[in-house]
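> I'm passing along start_34.cif; it holds mmCIF, C-alpha atoms and all ligand atoms.
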data_entry
#
loop_
_atom_site.label_atom_id
_atom_site.label_comp_id
_atom_site.auth_asym_id
_atom_site.auth_seq_id
_atom_site.Cartn_x
_atom_site.Cartn_y
_atom_site.Cartn_z
CA MET A 1 -55.40 109.23 69.62
CA ARG A 2 -58.17 107.19 71.22
CA GLU A 3 -59.72 107.71 74.61
CA VAL A 4 -60.53 104.62 76.68
CA ASP A 5 -62.04 105.04 80.16
CA GLY A 6 -60.86 108.67 80.24
CA GLU A 7 -57.24 107.70 79.42
CA LYS A 8 -55.57 108.90 76.18
CA TYR A 9 -53.94 106.22 74.00
CA TYR A 10 -51.60 107.08 71.10
CA ASP A 11 -51.11 105.01 67.93
CA ILE A 12 -47.78 104.07 66.33
CA SER A 13 -47.59 107.04 63.96
CA GLU A 14 -48.28 109.47 66.82
CA ILE A 15 -45.67 107.74 69.00
CA CYS A 16 -43.19 108.04 66.13
CA GLY A 17 -43.66 111.85 66.19
CA MET A 18 -43.55 111.94 69.99
CA LEU A 19 -40.15 110.21 69.83
CA HIS A 20 -38.99 112.76 67.22
CA ASN A 21 -38.84 110.08 64.48
CA ARG A 22 -35.84 108.48 66.22
CA LEU A 23 -37.47 105.10 65.54
CA SER A 24 -39.36 103.94 62.46
CA GLN A 25 -42.97 102.78 62.76
CA ASP A 26 -41.80 99.17 62.19
CA GLU A 27 -39.29 99.46 65.04
CA ILE A 28 -42.00 100.80 67.35
CA GLN A 29 -44.28 97.93 66.33
CA THR A 30 -41.51 95.47 67.27
CA HIS A 31 -41.08 97.14 70.67
CA PHE A 32 -44.82 96.67 71.28
CA GLN A 33 -44.59 93.01 70.28
CA ASN A 34 -41.59 92.47 72.59
CA ASN A 35 -43.42 94.22 75.40
CA LYS A 36 -40.79 96.96 75.63
CA ILE A 37 -43.67 99.38 75.19
CA GLN A 38 -46.59 98.40 77.34
CA GLY A 39 -49.57 98.80 75.07
CA ILE A 40 -53.02 97.60 74.21
CA LYS A 41 -54.46 96.49 70.90
CA ILE A 42 -57.58 98.22 69.63
CA GLU A 43 -59.02 96.89 66.34
CA ASP A 44 -55.68 95.15 65.74
CA HIS A 45 -53.60 98.33 66.11
CA TRP A 46 -51.18 99.02 68.97
CA TYR A 47 -51.76 101.95 71.32
CA ALA A 48 -49.94 103.22 74.41
CA THR A 49 -50.49 105.88 77.07
CA ASN A 50 -48.22 108.86 77.65
CA GLU A 51 -46.93 107.18 80.81
CA ALA A 52 -45.98 103.99 78.92
CA ILE A 53 -44.19 106.01 76.23
CA ASP A 54 -42.25 107.98 78.87
CA LYS A 55 -41.23 104.72 80.56
CA PHE A 56 -40.07 103.26 77.24
CA GLU A 57 -38.07 106.43 76.50
CA GLU A 58 -36.43 106.26 79.93
CA GLU A 59 -35.70 102.52 79.94
CA VAL A 60 -34.87 101.79 76.31
CA ILE A 61 -34.12 104.90 74.26
CA TYR A 62 -32.03 106.89 76.77
CA LYS A 63 -29.83 103.83 77.41
CA ASP A 64 -28.86 103.95 73.76
CA ILE A 65 -27.60 107.54 73.74
CA TYR A 66 -24.04 108.75 73.34
CA PHE A 67 -23.84 112.06 75.22
CA SER A 68 -21.51 114.95 74.28
CA GLU A 69 -19.49 116.95 76.76
CA LEU A 70 -21.51 119.63 78.55
CA HIS A 71 -21.92 122.77 76.40
CA GLN A 72 -22.80 126.09 78.03
CA ILE A 73 -25.16 128.49 76.30
CA ASP A 74 -25.50 131.98 77.70
CA LEU A 75 -28.79 133.62 76.68
CA LYS A 76 -28.27 136.58 79.03
CA LYS A 77 -26.37 138.45 76.32
CA ILE A 78 -29.13 137.88 73.76
CA LEU A 79 -31.78 140.54 73.23
CA LEU A 80 -34.98 139.20 71.65
CA LYS A 81 -37.05 142.24 70.67
CA GLY A 82 -40.78 142.84 70.34
CA ARG A 83 -43.22 140.07 69.51
CA ILE A 84 -41.36 136.75 69.39
CA LEU A 85 -42.28 133.53 67.60
CA ASP A 86 -40.59 130.39 68.94
CA ILE A 87 -40.67 127.57 66.37
CA GLY A 88 -40.50 124.13 67.99
CA GLY A 89 -41.09 125.60 71.42
CA GLY A 90 -42.14 122.41 73.16
CA GLY A 91 -39.86 120.26 75.34
CA GLU A 92 -38.01 122.53 77.74
CA GLY A 93 -39.49 125.59 76.03
CA ILE A 94 -36.26 127.50 76.68
CA ILE A 95 -37.21 130.60 74.68
CA GLY A 96 -40.59 130.77 76.41
CA GLN A 97 -38.88 130.48 79.80
CA PHE A 98 -36.33 133.12 78.80
CA ALA A 99 -38.57 135.75 77.19
CA GLY A 100 -41.93 134.81 78.77
CA PRO A 101 -45.12 136.61 77.82
CA ASN A 102 -43.70 138.20 74.66
CA VAL A 103 -43.40 134.74 73.13
CA ILE A 104 -45.82 132.74 71.02
CA SER A 105 -44.59 129.20 71.04
CA ILE A 106 -45.60 126.80 68.27
CA ASP A 107 -44.94 123.09 67.96
CA PRO A 108 -46.81 120.31 66.12
CA SER A 109 -46.70 118.19 69.27
CA GLU A 110 -49.32 118.95 71.92
CA ARG A 111 -47.44 116.72 74.31
CA GLU A 112 -44.19 118.68 73.91
CA LEU A 113 -46.00 122.01 74.34
CA LYS A 114 -47.69 120.82 77.52
CA GLU A 115 -44.33 119.70 78.86
CA ALA A 116 -42.80 123.18 78.43
CA GLU A 117 -42.84 125.12 81.70
CA SER A 118 -43.13 128.53 80.12
CA ASP A 119 -45.44 131.48 80.59
CA CYS A 120 -46.27 132.10 76.94
CA VAL A 121 -49.03 131.44 74.44
CA LYS A 122 -48.67 127.92 73.06
CA ILE A 123 -50.23 126.86 69.78
CA ILE A 124 -50.17 123.47 68.04
CA MET A 125 -48.75 124.35 64.64
CA ASP A 126 -46.17 123.11 62.16
CA GLY A 127 -43.19 125.38 61.46
CA LYS A 128 -43.37 124.64 57.75
CA ASP A 129 -46.97 125.85 57.50
CA LEU A 130 -47.36 128.82 59.84
CA LYS A 131 -50.90 130.17 60.17
CA PHE A 132 -49.80 133.76 60.84
CA LEU A 133 -50.13 136.56 58.31
CA ASP A 134 -47.02 138.03 56.70
CA GLU A 135 -44.83 140.33 58.82
CA ALA A 136 -46.50 139.47 62.13
CA PHE A 137 -43.34 139.19 64.28
CA ASP A 138 -40.28 141.26 65.21
CA THR A 139 -38.27 138.18 66.13
CA VAL A 140 -38.29 134.46 65.37
CA ALA A 141 -36.31 131.97 67.47
CA ILE A 142 -35.52 128.35 66.56
CA PHE A 143 -33.78 126.66 69.48
CA PHE A 144 -32.46 123.13 68.77
CA THR A 145 -35.44 122.31 66.58
CA MET A 146 -33.89 122.15 63.10
CA MET A 147 -32.04 118.96 64.08
CA TYR A 148 -35.45 117.23 64.31
CA ILE A 149 -36.64 118.37 60.88
CA SER A 150 -35.87 116.69 57.54
CA LYS A 151 -33.66 118.51 55.04
CA PRO A 152 -36.44 119.46 52.56
CA ASP A 153 -38.65 120.67 55.42
CA GLN A 154 -35.87 122.79 56.95
CA LYS A 155 -35.94 125.11 53.94
CA LYS A 156 -39.74 125.42 54.22
CA VAL A 157 -39.41 126.36 57.90
CA LEU A 158 -36.83 129.07 57.15
CA LYS A 159 -39.02 130.41 54.32
CA GLU A 160 -41.95 130.61 56.70
CA ALA A 161 -39.80 132.35 59.34
CA TYR A 162 -38.79 134.90 56.71
CA ARG A 163 -42.39 135.46 55.63
CA VAL A 164 -43.78 136.11 59.12
CA LEU A 165 -40.94 138.46 60.10
CA LYS A 166 -41.34 142.21 59.69
CA SER A 167 -38.79 144.07 57.59
CA LYS A 168 -35.57 144.37 59.71
CA GLY A 169 -36.87 141.53 61.87
CA GLU A 170 -34.37 138.95 63.12
CA LEU A 171 -34.18 135.18 63.22
CA PHE A 172 -32.11 133.64 66.04
CA LEU A 173 -31.12 130.04 65.36
CA TRP A 174 -29.34 127.67 67.73
CA ASP A 175 -28.45 124.15 66.67
CA LEU A 176 -25.62 121.69 66.43
CA THR A 177 -23.17 120.15 64.03
CA ILE A 178 -23.87 116.46 64.31
CA PRO A 179 -20.42 114.84 64.59
CA ASP A 180 -19.31 111.75 62.69
CA ARG A 181 -20.09 108.58 64.57
CA PRO A 182 -17.21 107.42 66.78
CA GLU A 183 -16.71 103.75 67.59
CA THR A 184 -19.81 103.12 69.65
CA GLU A 185 -22.76 100.76 69.75
CA LYS A 186 -25.03 103.61 70.81
CA ASP A 187 -27.05 104.73 67.84
CA THR A 188 -28.26 108.11 69.07
CA TYR A 189 -26.17 111.20 69.67
CA ALA A 190 -27.25 113.87 72.16
CA VAL A 191 -25.75 117.19 73.03
CA LYS A 192 -25.74 118.00 76.76
CA LEU A 193 -26.49 121.64 77.49
CA GLU A 194 -26.53 124.05 80.37
CA VAL A 195 -28.52 127.11 79.32
CA ASP A 196 -28.22 130.28 81.38
CA ILE A 197 -31.45 132.30 81.02
CA GLY A 198 -30.53 134.81 83.74
CA LYS A 199 -32.96 133.85 86.46
CA LYS A 200 -31.73 130.23 86.38
CA LYS A 201 -29.56 127.69 84.59
CA ILE A 202 -31.40 124.87 82.82
CA THR A 203 -29.66 121.55 82.20
CA THR A 204 -31.03 119.65 79.25
CA GLY A 205 -30.05 117.53 76.23
CA TYR A 206 -31.21 117.13 72.66
CA GLY A 207 -30.64 113.88 70.79
CA THR A 208 -30.82 112.58 67.27
CA ARG A 209 -29.64 109.59 65.23
CA TRP A 210 -26.09 109.66 63.86
CA GLY A 211 -25.56 110.24 60.19
CA LYS A 212 -27.45 113.46 59.51
CA LYS A 213 -25.14 115.92 57.76
CA TYR A 214 -26.38 119.02 59.55
CA ASN A 215 -23.94 121.82 60.31
CA LEU A 216 -23.46 125.57 60.55
CA GLU A 217 -22.59 126.02 56.85
CA ARG A 218 -25.79 124.28 55.81
CA TYR A 219 -27.97 126.71 57.78
CA LEU A 220 -25.98 129.78 56.70
CA ASP A 221 -26.51 128.70 53.12
CA LEU A 222 -30.22 127.91 53.55
CA GLY A 223 -30.84 131.20 55.36
CA LYS A 224 -29.19 133.19 52.59
CA LYS A 225 -31.16 131.25 49.95
CA VAL A 226 -34.47 132.29 51.50
CA GLY A 227 -33.36 135.95 51.60
CA PHE A 228 -31.77 136.54 55.02
CA ASN A 229 -28.57 138.46 55.72
CA VAL A 230 -26.20 136.96 58.29
CA ILE A 231 -25.53 139.43 61.12
CA GLU A 232 -23.69 137.24 63.61
CA GLN A 233 -22.49 133.68 63.98
CA ASP A 234 -20.81 131.90 66.84
CA VAL A 235 -19.52 128.37 67.29
CA ASN A 236 -19.30 126.76 70.73
CA GLY A 237 -18.02 123.18 70.49
CA GLU A 238 -20.61 121.24 68.52
CA THR A 239 -23.29 123.88 69.01
CA PHE A 240 -23.67 127.10 67.07
CA PHE A 241 -25.73 130.25 66.95
CA ILE A 242 -26.70 132.34 63.90
CA ARG A 243 -28.44 135.71 63.88
CA PHE A 244 -30.14 136.43 60.57
CA LYS A 245 -31.86 139.66 59.52
CA LYS A 246 -34.56 140.34 56.96
CA SER A 247 -33.78 143.36 54.76
C1 LIG B 1 -35.63 119.26 71.15
S1 LIG B 1 -37.27 119.55 70.99
C2 LIG B 1 -37.53 121.04 71.87
C3 LIG B 1 -36.59 122.16 71.64
C4 LIG B 1 -37.17 123.42 72.29
N1 LIG B 1 -36.92 124.57 71.45
C5 LIG B 1 -36.66 123.63 73.69
O1 LIG B 1 -36.45 124.76 74.06
O2 LIG B 1 -36.48 122.66 74.43
C6 LIG B 1 -37.58 119.99 69.32
C7 LIG B 1 -39.01 120.29 69.05
O3 LIG B 1 -39.17 120.49 67.65
C8 LIG B 1 -40.49 120.14 67.36
N2 LIG B 1 -40.67 120.00 65.92
C9 LIG B 1 -40.43 118.93 65.13
N3 LIG B 1 -40.81 119.19 63.87
C10 LIG B 1 -41.29 120.47 63.86
C11 LIG B 1 -41.85 121.31 62.86
N4 LIG B 1 -41.99 120.90 61.60
N5 LIG B 1 -42.25 122.56 63.22
C12 LIG B 1 -42.10 122.99 64.49
N6 LIG B 1 -41.59 122.22 65.48
C13 LIG B 1 -41.19 120.99 65.17
C14 LIG B 1 -40.69 118.85 68.14
O4 LIG B 1 -42.05 118.52 68.29
C15 LIG B 1 -39.99 119.18 69.44
O5 LIG B 1 -40.85 119.68 70.42
#
Let me see the file written as structure tokens.


Amino acid sequence: MREVDGEKYYDISEICGMLHNRLSQDEIQTHFQNNKIQGIKIEDHWYATNEAIDKFEEEVIYKDIYFSELHQIDLKKILLKGRILDIGGGGEGIIGQFAGPNVISIDPSERELKEAESDCVKIIMDGKDLKFLDEAFDTVAIFFTMMYISKPDQKKVLKEAYRVLKSKGELFLWDLTIPDRPETEKDTYAVKLEVDIGKKKITTGYGTRWGKKYNLERYLDLGKKVGFNVIEQDVNGETFFIRFKKS
């Protein structure tokens, strides 16, 4: 990030992360060259402001998304106990909005954390390298974050969740089974959600490229491999929920 006249400008690798790696760095470079992202060149490298990246997301990326049917998620029946860690808590920050001041929300993206309208502590941190001591939390939540993390890193994140949980602590995981690609030109798939957190219903959507083989069985298996017991699982269309417990 560079600051020019008080305005923050992000480079291609930062933009790649901000767009959840939906585009490669080369693709982003091409969008700069074709003026799809309005940017400036500093020392021969492209940079863009938050506003320009948002505009690009709105005008180019969202047009290329295949949306699922609306899925309803009811958090009212979920009890998150004690001190709660929310991994990947930027974006909508659903867990922070739901459980408020008991939540510490971490996310590697400052931009995503700032976007979240939640009343909780927010810390810039990577889920695969948590800076908390062992057994610091009663509960860990991962709400539609695993779908943005590569397969090798997903195991690291679950291992870290296990490490920072107290004995008998619980991990609540929500995510989706990415369906096979139907006949469509659109190269991103997004699940449309309406999440009931009690005081309000939040409509949102989480998107990713087709082709990732992520599903319920994969997470059940990974969770067990890092030491968790499975207490509950529930499938709702393409979305699912798993409640794991540390012995
Ligand atoms: C769909 S978004 C936000 C989901 C969020 N839980 C919510 O309630 O809206 C997924 C988030 O995962 C974050 N993320 C990606 N890689 C991560 C990692 N290694 N550790 C923690 N968060 C990560 C992204 O920065 C992004 O904010």

> Dump as CSV the rows for residues of chain A within 7 Å of ligand LIG 1 (chain B): closest atom pair and distance in Å with one decimal, all atoms listed in the file counted, ordered by chain and rising residue number.


residue,atom,partner,partner_atom,distance
A:Met18,CA,B:LIG1,O4,7.0
A:His20,CA,B:LIG1,C14,6.4
A:Ile87,CA,B:LIG1,C12,5.2
A:Gly88,CA,B:LIG1,N6,3.3
A:Gly89,CA,B:LIG1,N1,4.3
A:Gly90,CA,B:LIG1,O5,4.1
A:Gly91,CA,B:LIG1,O2,4.2
A:Glu92,CA,B:LIG1,O2,3.6
A:Gly93,CA,B:LIG1,O1,3.7
A:Ile94,CA,B:LIG1,O1,3.8
A:Ile95,CA,B:LIG1,O1,5.9
A:Ile106,CA,B:LIG1,C12,6.4
A:Asp107,CA,B:LIG1,N6,4.3
A:Pro108,CA,B:LIG1,O4,5.5
A:Ser109,CA,B:LIG1,O4,4.8
A:Glu112,CA,B:LIG1,O5,4.9
A:Leu113,CA,B:LIG1,O5,6.9
A:Met125,CA,B:LIG1,C12,6.8
A:Asp126,CA,B:LIG1,N5,4.1
A:Gly127,CA,B:LIG1,N5,3.5
A:Lys128,CA,B:LIG1,N4,5.5
A:Ile142,CA,B:LIG1,N1,6.3
A:Phe143,CA,B:LIG1,N1,4.3
A:Phe144,CA,B:LIG1,C3,5.1
A:Thr145,CA,B:LIG1,C6,4.2
A:Tyr148,CA,B:LIG1,C9,5.3
A:Ile149,CA,B:LIG1,N3,5.2
A:Tyr206,CA,B:LIG1,C1,5.1

> Rank A:Lys168, A:Lys200, A:Lys186, A:Lys225 by their smallest atom-to-atom distance to Lys245 of chain A, using all atoms listed in the file, and report the top residue only.

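Between A:Lys168, A:Lys200, A:Lys186, A:Lys225, the residue approaching Lys245 of chain A most closely is A:Lys168.
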
> Kindly give the distance, in Å, that separates atom CA of Gly169 of chain A and atom CA of Val191 of chain A, rounded to a single decimal.

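Answer for the atom CA of Gly169 of chain A to atom CA of Val191 of chain A separation: 29.0 Å.
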
> For Lys131 of chain A, which of A:Pro152, A:Ile53, A:Asn102, A:Leu85 is the closest residue, counting all atoms listed in the file?

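Residue with the minimum atom-to-atom distance to Lys131 of chain A: A:Leu85.
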
> Pick from A:Asp234, A:Glu185, A:Asp221, A:Glu194: nearest to Glu69 of chain A, with only C-alpha atoms counted?

A:Glu194

> How many Å lie between atom CA of Ile78 of chain A and atom CA of Leu133 of chain A, rounded to one decimal?

26.1 Å

> List the spatial neighbours of Asp187 of chain A as an MDAnalysis selection string - criterion: any atom at most 7 Å away, all atoms listed in the file, same-chain residues fewer than 3 positions off excluded.

chainID A and resid 64:65 209:210

> Measuring atom to atom with only C-alpha atoms, identify which of A:Lys246, A:Arg22, A:Arg2, A:Lys213 is nearest to Phe137 of chain A.

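Using only C-alpha atoms, Phe137 of chain A sits closest to A:Lys246.
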
> Between atom CA of Lys199 of chain A and atom CA of Thr239 of chain A, what is the distance, to one decimal in Å?

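Those two atoms sit 22.3 Å apart.
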
> Which one is closest to Ser118 of chain A: A:Ile37, A:Asp134, A:Phe98, A:Tyr162? Count only C-alpha atoms.

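Closest to Ser118 of chain A of all the choices is A:Phe98.
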
> So, counting only C-alpha atoms, which residue among A:Phe132, A:Phe67, A:Tyr219, A:Phe244 is closest to Glu160 of chain A?

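Ranked by minimum distance to Glu160 of chain A, first place goes to A:Phe132.
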
> Which polymer residues have any atom within 7 Å of an atom of Val121 of chain A, counting all atoms listed in the file, with same-chain residues fewer than 6 positions away left out, as a list in words?

Val103, Ile104 and Ser105 of chain A

> Any idea what's packed within 10 Å of Thr49 of chain A, counting all atoms listed in the file, ignoring anything in its chain fewer than 4 positions away? Could you give it as number ranges by chain?

A: 1-3, 7-11, 15, 37-40, 53-55

> Near segment 173-178 of chain A, within 7 Å and counting all atoms listed in the file, which residues show up once chain neighbours fewer than 6 positions away are dropped, as a PDB file with C-alpha atoms, in the coordinates of the input?


ATOM      1  CA  ALA A 141     -36.310 131.970  67.470  1.00  0.00           C
ATOM      2  CA  ILE A 142     -35.520 128.350  66.560  1.00  0.00           C
ATOM      3  CA  PHE A 143     -33.780 126.660  69.480  1.00  0.00           C
ATOM      4  CA  PHE A 144     -32.460 123.130  68.770  1.00  0.00           C
ATOM      5  CA  MET A 146     -33.890 122.150  63.100  1.00  0.00           C
ATOM      6  CA  MET A 147     -32.040 118.960  64.080  1.00  0.00           C
ATOM      7  CA  LYS A 212     -27.450 113.460  59.510  1.00  0.00           C
ATOM      8  CA  LYS A 213     -25.140 115.920  57.760  1.00  0.00           C
ATOM      9  CA  TYR A 214     -26.380 119.020  59.550  1.00  0.00           C
ATOM     10  CA  ASN A 215     -23.940 121.820  60.310  1.00  0.00           C
ATOM     11  CA  LEU A 216     -23.460 125.570  60.550  1.00  0.00           C
ATOM     12  CA  GLU A 238     -20.610 121.240  68.520  1.00  0.00           C
ATOM     13  CA  THR A 239     -23.290 123.880  69.010  1.00  0.00           C
ATOM     14  CA  PHE A 240     -23.670 127.100  67.070  1.00  0.00           C
ATOM     15  CA  PHE A 241     -25.730 130.250  66.950  1.00  0.00           C
ATOM     16  CA  ILE A 242     -26.700 132.340  63.900  1.00  0.00           C
ATOM     17  CA  ARG A 243     -28.440 135.710  63.880  1.00  0.00           C
TER      18      ARG A 243
END

> Mind giving me the axis-aligned box for segment 139-153 of chain A with 6 Å on every side, centre plus edges in Å to one decimal, as JSON?


{"center_x": -35.3, "center_y": 127.4, "center_z": 61.0, "size_x": 18.6, "size_y": 33.5, "size_z": 28.9}
